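Novice: Input structure: target-v7.txt, which contains compact mmCIF, C-alpha atoms.
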```txt
# COMPACT_ATOMS: atom_id res chain seq x y z
CA MET Y 211 96.75 67.84 -9.24
CA ASN Y 212 96.87 64.27 -10.51
CA THR Y 213 94.12 63.11 -12.84
CA THR Y 214 93.05 59.80 -14.33
CA ARG Y 215 93.28 59.11 -18.05
CA SER Y 216 89.59 60.04 -18.20
CA GLY Y 217 90.45 63.52 -16.91
CA ARG Y 218 88.79 63.09 -13.50
CA PRO Y 219 90.72 63.97 -10.34
CA ALA Y 220 92.60 60.86 -9.23
CA LEU Y 221 91.28 58.97 -6.21
CA THR Y 222 93.64 56.90 -4.10
CA ARG Y 223 93.55 55.22 -0.73
CA PRO Y 224 94.35 57.62 2.14
CA ASP Y 225 97.95 56.34 2.15
CA GLY Y 226 98.34 57.19 -1.55
CA THR Y 227 98.24 53.60 -2.84
CA PRO Y 228 95.75 52.50 -5.55
CA LEU Y 229 92.20 51.70 -4.52
CA ARG Y 230 91.35 47.99 -4.71
CA VAL Y 231 88.10 46.84 -6.32
CA LEU Y 232 86.66 43.37 -6.81
CA VAL Y 233 84.20 42.82 -9.70
CA VAL Y 234 81.85 39.83 -9.27
CA ASP Y 235 79.77 38.88 -12.32
CA ASP Y 236 79.26 35.57 -14.12
CA ASP Y 237 79.19 37.28 -17.54
CA PRO Y 238 82.89 37.24 -18.56
CA ASP Y 239 82.44 39.93 -21.21
CA LEU Y 240 80.75 42.31 -18.80
CA ALA Y 241 83.31 41.59 -16.09
CA GLU Y 242 86.13 42.31 -18.54
CA VAL Y 243 84.59 45.63 -19.58
CA LEU Y 244 84.00 46.69 -15.98
CA THR Y 245 87.49 45.65 -14.95
CA GLY Y 246 89.01 47.66 -17.80
CA ALA Y 247 86.99 50.77 -16.94
CA LEU Y 248 88.04 50.65 -13.29
CA ARG Y 249 91.70 50.06 -14.14
CA TYR Y 250 91.40 53.16 -16.31
CA GLU Y 251 90.86 55.01 -13.02
CA GLY Y 252 94.26 53.79 -11.85
CA TRP Y 253 92.75 51.24 -9.45
CA GLU Y 254 93.84 47.67 -8.72
CA VAL Y 255 91.04 45.41 -9.94
CA ARG Y 256 90.28 41.67 -9.84
CA ALA Y 257 87.29 39.75 -11.17
CA ALA Y 258 85.39 36.68 -9.97
CA GLY Y 259 82.62 34.76 -11.73
CA ASP Y 260 80.78 33.17 -8.81
CA GLY Y 261 80.21 33.55 -5.11
CA ALA Y 262 82.82 31.06 -3.90
CA SER Y 263 85.63 32.55 -5.98
CA ALA Y 264 84.50 36.05 -4.94
CA VAL Y 265 85.02 35.24 -1.25
CA THR Y 266 88.42 33.68 -2.01
CA ALA Y 267 89.48 36.71 -4.07
CA ALA Y 268 88.28 39.08 -1.34
CA ARG Y 269 90.46 37.32 1.25
CA GLU Y 270 93.48 37.76 -1.02
CA LEU Y 271 92.82 41.27 -2.37
CA LEU Y 272 91.13 42.85 0.69
CA PRO Y 273 89.20 45.23 -1.59
CA ASP Y 274 87.98 48.68 -0.66
CA ALA Y 275 84.87 48.15 -2.81
CA VAL Y 276 83.04 45.30 -4.52
CA VAL Y 277 80.88 45.51 -7.63
CA LEU Y 278 78.54 42.58 -7.01
CA ASP Y 279 75.98 41.01 -9.33
CA VAL Y 280 72.82 39.91 -7.53
CA MET Y 281 72.35 36.78 -9.70
CA LEU Y 282 75.29 34.36 -9.57
CA PRO Y 283 75.48 30.71 -10.68
CA ASP Y 284 76.15 29.20 -7.24
CA THR Y 285 74.34 31.63 -4.92
CA ASP Y 286 72.90 35.14 -4.82
CA GLY Y 287 74.71 38.40 -4.20
CA PHE Y 288 73.06 38.92 -0.82
CA ALA Y 289 74.61 35.70 0.54
CA VAL Y 290 77.97 36.71 -0.89
CA LEU Y 291 77.66 40.11 0.78
CA ARG Y 292 77.18 38.48 4.17
CA ARG Y 293 80.35 36.42 3.62
CA LEU Y 294 82.28 39.48 2.44
CA HIS Y 295 81.30 41.44 5.54
CA GLU Y 296 82.72 38.63 7.68
CA VAL Y 297 86.06 39.12 5.91
CA ILE Y 298 86.02 42.92 5.46
CA PRO Y 299 83.27 44.54 7.54
CA GLU Y 300 83.86 48.04 6.15
CA VAL Y 301 83.95 47.14 2.44
CA CYS Y 302 81.74 49.25 0.12
CA VAL Y 303 79.34 47.21 -2.02
CA LEU Y 304 77.67 48.32 -5.26
CA PHE Y 305 75.04 45.83 -6.42
CA LEU Y 306 74.38 45.09 -10.09
CA THR Y 307 70.89 43.84 -10.85
CA ALA Y 308 68.92 43.12 -14.00
CA ARG Y 309 65.71 43.60 -12.07
CA ASP Y 310 64.13 47.01 -11.61
CA ALA Y 311 61.65 46.19 -8.85
CA VAL Y 312 61.70 48.45 -5.81
CA GLU Y 313 61.67 45.33 -3.61
CA ASP Y 314 65.00 44.19 -5.05
CA ARG Y 315 66.58 47.57 -4.45
CA ILE Y 316 65.36 47.59 -0.86
CA ALA Y 317 66.61 44.02 -0.35
CA GLY Y 318 70.10 45.01 -1.48
CA ILE Y 319 70.33 48.01 0.81
CA THR Y 320 68.77 46.11 3.72
CA ALA Y 321 71.31 43.32 3.27
CA GLY Y 322 74.08 45.84 3.84
CA GLY Y 323 74.79 47.04 0.32
CA ASP Y 324 75.67 50.69 -0.15
CA ASP Y 325 74.16 51.33 -3.59
CA TYR Y 326 72.93 49.61 -6.75
CA VAL Y 327 72.76 50.07 -10.51
CA THR Y 328 70.23 48.41 -12.77
CA LYS Y 329 71.29 46.69 -15.98
CA PRO Y 330 71.77 47.93 -18.62
CA PHE Y 331 73.99 50.69 -17.21
CA SER Y 332 76.73 52.95 -18.44
CA LEU Y 333 80.33 52.48 -17.35
CA GLU Y 334 80.41 56.16 -16.40
CA GLU Y 335 77.56 55.58 -13.98
CA VAL Y 336 79.31 52.65 -12.28
CA VAL Y 337 82.54 54.62 -11.93
CA ALA Y 338 80.70 57.66 -10.56
CA ARG Y 339 78.78 55.58 -8.02
CA LEU Y 340 81.97 53.87 -6.83
CA ARG Y 341 83.86 57.15 -6.51
CA GLY Y 342 81.03 58.58 -4.43
CA LEU Y 343 80.80 55.51 -2.19
CA LEU Y 344 84.54 55.38 -1.56
CA ARG Y 345 84.76 59.09 -0.76
CA ARG Y 346 81.83 58.96 1.65
CA ALA Y 347 83.26 55.92 3.42
CA GLY Y 348 86.58 57.68 3.93
CA MET Y 349 88.43 55.03 1.92
CA ALA Y 350 89.49 57.40 -0.85
CA ARG Y 351 91.42 60.64 -0.98
CA GLN Y 352 90.99 63.10 -3.85
CA GLN Y 353 94.39 64.56 -4.37
CA GLU Y 354 93.43 68.21 -4.75
CA GLU Y 355 91.49 68.27 -1.49
CA GLY Y 356 92.89 70.40 1.31
CA PRO Y 357 93.29 69.11 4.84
CA ARG Y 358 91.22 71.65 6.79
CA LEU Y 359 88.05 73.71 6.40
CA ALA Y 360 86.58 76.30 8.77
CA VAL Y 361 83.30 78.24 8.71
CA GLY Y 362 82.79 80.27 11.88
CA ASP Y 363 83.31 77.94 14.84
CA LEU Y 364 82.70 74.86 12.64
CA VAL Y 365 85.99 73.17 11.75
CA MET Y 366 86.62 70.09 9.59
CA ASP Y 367 89.90 68.19 9.46
CA GLU Y 368 89.59 66.36 6.15
CA GLU Y 369 92.55 64.05 6.66
CA ALA Y 370 91.53 62.98 10.17
CA ARG Y 371 87.85 63.10 9.12
CA GLU Y 372 86.97 64.95 12.31
CA VAL Y 373 84.48 67.80 12.75
CA THR Y 374 84.19 70.12 15.72
CA ARG Y 375 81.87 72.99 16.52
CA GLY Y 376 82.95 75.35 19.23
CA GLY Y 377 85.68 72.86 20.08
CA GLU Y 378 83.22 70.01 20.65
CA LEU Y 379 83.51 66.87 18.51
CA VAL Y 380 80.62 66.23 16.10
CA GLU Y 381 80.20 62.55 15.19
CA LEU Y 382 79.11 62.12 11.55
CA SER Y 383 78.40 59.18 9.26
CA PRO Y 384 80.43 59.01 5.99
CA THR Y 385 77.57 60.51 3.96
CA GLU Y 386 76.89 63.24 6.52
CA PHE Y 387 80.60 64.10 6.47
CA GLU Y 388 80.64 64.40 2.67
CA LEU Y 389 77.49 66.54 2.67
CA LEU Y 390 78.89 68.87 5.32
CA ARG Y 391 82.18 69.10 3.45
CA PHE Y 392 80.35 70.27 0.31
CA LEU Y 393 78.45 72.89 2.33
CA MET Y 394 81.65 74.06 4.04
CA ARG Y 395 83.45 74.42 0.73
CA ASN Y 396 80.66 76.70 -0.42
CA PRO Y 397 79.85 78.92 2.59
CA ARG Y 398 77.12 81.54 2.12
CA ARG Y 399 76.29 80.00 -1.26
CA VAL Y 400 72.83 78.57 -1.83
CA LEU Y 401 73.18 74.99 -3.11
CA SER Y 402 70.29 73.31 -4.88
CA LYS Y 403 69.24 69.73 -4.23
CA ALA Y 404 70.43 68.82 -7.74
CA GLN Y 405 73.89 70.25 -7.04
CA ILE Y 406 74.10 68.41 -3.73
CA LEU Y 407 73.00 65.11 -5.29
CA ASP Y 408 75.55 65.45 -8.07
CA ARG Y 409 78.45 66.23 -5.73
CA VAL Y 410 77.69 64.10 -2.67
CA TRP Y 411 76.01 61.10 -4.26
CA SER Y 412 77.75 61.51 -7.66
CA TYR Y 413 74.61 60.90 -9.69
CA ASP Y 414 71.03 62.02 -10.15
CA PHE Y 415 68.49 60.43 -7.82
CA GLY Y 416 65.70 61.52 -10.17
CA GLY Y 417 62.52 61.99 -8.22
CA ARG Y 418 64.09 60.93 -4.94
CA ALA Y 419 65.65 64.26 -4.02
CA HIS Y 420 64.04 63.84 -0.59
CA VAL Y 421 67.27 62.05 0.38
CA VAL Y 422 68.87 65.52 0.56
CA GLU Y 423 66.17 66.76 2.93
CA LEU Y 424 66.69 63.67 5.09
CA TYR Y 425 70.46 64.12 5.39
CA ILE Y 426 70.17 67.87 5.94
CA SER Y 427 67.89 67.07 8.88
CA TYR Y 428 70.49 64.62 10.21
CA LEU Y 429 73.20 67.28 9.96
CA ARG Y 430 71.07 69.89 11.70
CA LYS Y 431 70.52 67.57 14.66
CA LYS Y 432 74.28 67.13 15.03
CA VAL Y 433 75.77 70.46 13.93
CA ASP Y 434 73.07 72.90 15.07
CA ALA Y 435 71.58 71.07 18.07
CA GLY Y 436 71.49 73.41 21.08
CA ARG Y 437 73.36 76.13 19.16
CA GLU Y 438 72.60 79.04 16.85
CA PRO Y 439 71.78 77.41 13.49
CA MET Y 440 74.30 77.50 10.64
CA ILE Y 441 72.39 75.37 8.11
CA HIS Y 442 69.50 77.28 6.54
CA THR Y 443 66.78 76.39 4.05
CA VAL Y 444 66.17 78.85 1.22
CA ARG Y 445 62.65 77.98 0.18
CA GLY Y 446 62.41 76.94 -3.45
CA SER Y 447 66.18 77.19 -3.95
CA GLY Y 448 68.11 74.87 -1.65
CA TYR Y 449 70.36 75.11 1.40
CA VAL Y 450 73.10 77.39 2.63
CA LEU Y 451 75.71 77.16 5.39
CA LYS Y 452 76.48 80.48 7.09
CA PRO Y 453 78.59 81.36 10.14
CA VAL Y 454 76.62 82.68 13.08
CA ALA Y 455 76.48 86.46 13.11
CA ARG Y 456 78.30 87.99 16.08
```
Turn this file's structure into structure tokens for me.

Specialist:
Amino acid sequence: MNTTRSGRPALTRPDGTPLRVLVVDDDPDLAEVLTGALRYEGWEVRAAGDGASAVTAARELLPDAVVLDVMLPDTDGFAVLRRLHEVIPEVCVLFLTARDAVEDRIAGITAGGDDYVTKPFSLEEVVARLRGLLRRAGMARQQEEGPRLAVGDLVMDEEAREVTRGGELVELSPTEFELLRFLMRNPRRVLSKAQILDRVWSYDFGGRAHVVELYISYLRKKVDAGREPMIHTVRGSGYVLKPVAR
């Protein structure tokens, strides 16, 4: 198994080439630190200091993810995001913001961002958020992961990112896929909300663990709809995936 210099399992693009990340921040010192931390992961990284140069760099690099400051000298990060999505519709975007208001967080997600961190932040947090985003979006491959999982009649092809139950295709969003993969790698094991948050979202949501309940409900509607249920709630403990008893 390949690892980064930090000891984490290496993430690459599905074709084995380095992930590409664009860092957009008008603070040159912060941009340099972020760029260095991401290169430490073995990724190809470029930096831009304003919105116009960010769009130009994105056209050249075609990044898999963008770390994007909300406050830029020539525009705001939300406007840049709209331009980036015109160039690369599927790009993952992690917003950086110095503001901690709930309204700003909602604005970033509503604008099409995937996640945010509030300044000041740790480099470990930024790296963890990016790794989680890229895995969920199917843009990254963790090199120790196997290609196929099966629990009862539920089958997941990790390389093709396809799930079937009883031979019927189950359409999942990137986050639903990652959540189901974690459950399928731990069949018959009760997983707490904290464990699920740490593995699927790669960080602690604090008091917002209801996001797990929400995505479990999404999975149930797709995996268990019209069938014997496989996803079970263990009250006060968490969730467990079990094959249907025959």

Novice: Quick check, in Å to one decimal: how far apart do atom CA of Y:Val276 and atom CA of Y:Ala347 lie?

Specialist: 13.3 Å

Novice: Nearest to Y:Glu251: which of Y:Leu221, Y:Val380, Y:Leu333, Y:Leu340 is it, counting only C-alpha atoms?

Specialist: Y:Leu221

Novice: Atom CA of Y:Gly446 and atom CA of Y:Tyr428 are how many Å apart?

Specialist: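 Interatomic distance, atom CA of Y:Gly446 to atom CA of Y:Tyr428: 20.1 Å.
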
Novice: Would you pick out the contacts of Y:Ser447 at 12 Å or less, using all atoms listed in the file, so that residues sharing its chain but fewer than 3 positions from it are not included, and give the list as a tab-separated table (two decimals) with C-alpha atoms, in the coordinates of the input?

Specialist:
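The file below, around-v9.tsv, is the result:
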```
chain	number	residue	atom	x	y	z
Y	399	ARG	CA	76.29	80.00	-1.26
Y	400	VAL	CA	72.83	78.57	-1.83
Y	401	LEU	CA	73.18	74.99	-3.11
Y	402	SER	CA	70.29	73.31	-4.88
Y	403	LYS	CA	69.24	69.73	-4.23
Y	404	ALA	CA	70.43	68.82	-7.74
Y	405	GLN	CA	73.89	70.25	-7.04
Y	406	ILE	CA	74.10	68.41	-3.73
Y	442	HIS	CA	69.50	77.28	6.54
Y	443	THR	CA	66.78	76.39	4.05
Y	444	VAL	CA	66.17	78.85	1.22
Y	450	VAL	CA	73.10	77.39	2.63
```

Novice: Using only C-alpha atoms, which protein or nucleic acid residues come within 12 Å of stretch 235-250 of chain Y? Drop anything in the same chain fewer than 5 positions from it, and give the result as JSON, numbers by chain.

Specialist: {"Y": [213, 214, 215, 216, 217, 218, 220, 221, 228, 229, 230, 255, 256, 257, 258, 259, 260, 261, 262, 263, 264, 275, 276, 277, 278, 279, 280, 281, 282, 283, 284, 285, 286, 287, 290, 304, 305, 306, 307, 308, 329, 330, 331, 332, 333, 334, 335, 336, 337, 338, 339, 340, 341]}

Novice: With distances taken over only C-alpha atoms, which of Y:Phe392, Y:Leu364, Y:Leu382, Y:Arg371 is nearest to Y:Trp411?

Specialist: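 Smallest distance to Y:Trp411 is found for Y:Phe392.
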
Novice: Within 12 Å of Y:Lys431, counting all atoms listed in the file, which residues show up once you throw out same-chain ones fewer than 5 positions away? Write them as an NGL selection string, please.

Specialist: :Y and (380-382 or 386 or 424-426 or 436-441)

Novice: For the selection just defined, write its residues with C-alpha atoms to a file, as a PDB file, keeping the file's coordinate frame.

Specialist:
```pdb
ATOM      1  CA  VAL Y 380      80.620  66.230  16.100  1.00  0.00           C
ATOM      2  CA  GLU Y 381      80.200  62.550  15.190  1.00  0.00           C
ATOM      3  CA  LEU Y 382      79.110  62.120  11.550  1.00  0.00           C
ATOM      4  CA  GLU Y 386      76.890  63.240   6.520  1.00  0.00           C
ATOM      5  CA  LEU Y 424      66.690  63.670   5.090  1.00  0.00           C
ATOM      6  CA  TYR Y 425      70.460  64.120   5.390  1.00  0.00           C
ATOM      7  CA  ILE Y 426      70.170  67.870   5.940  1.00  0.00           C
ATOM      8  CA  GLY Y 436      71.490  73.410  21.080  1.00  0.00           C
ATOM      9  CA  ARG Y 437      73.360  76.130  19.160  1.00  0.00           C
ATOM     10  CA  GLU Y 438      72.600  79.040  16.850  1.00  0.00           C
ATOM     11  CA  PRO Y 439      71.780  77.410  13.490  1.00  0.00           C
ATOM     12  CA  MET Y 440      74.300  77.500  10.640  1.00  0.00           C
ATOM     13  CA  ILE Y 441      72.390  75.370   8.110  1.00  0.00           C
TER      14      ILE Y 441
END
```

Novice: With distances taken over all atoms listed in the file, which residue among Y:Met394, Y:Asp325, Y:Pro224, Y:Leu271 lies nearest Y:Leu359?

Specialist: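 Closest residue, counting all atoms listed in the file: Y:Met394.
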
Novice: Under the rule that only C-alpha atoms are counted, which of Y:Ile298, Y:Arg345, Y:Phe288, Y:Thr328 is the nearest residue to Y:Arg223?

Specialist: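 For Y:Arg223, the nearest of the given residues is Y:Arg345.
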
Novice: Env of Y:Ala360: 10 Å cut, atoms = only C-alpha atoms, seq-sep filter 4 positions within chain, self excluded. Answer as a PyMOL selection string.

Specialist: chain Y and resi 364-367+373-375+391+394-395+397+453

Novice: Using only C-alpha atoms, which of Y:Leu232, Y:Leu344, Y:Val265, Y:Leu379 sits nearest Y:Glu300?

Specialist: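 Ranked by minimum distance to Y:Glu300, first place goes to Y:Leu344.
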
Novice: Do you have the atom CA of Y:Asp274-atom CA of Y:Asn396 distance handy?

Specialist: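 The value is 29.0 Å.
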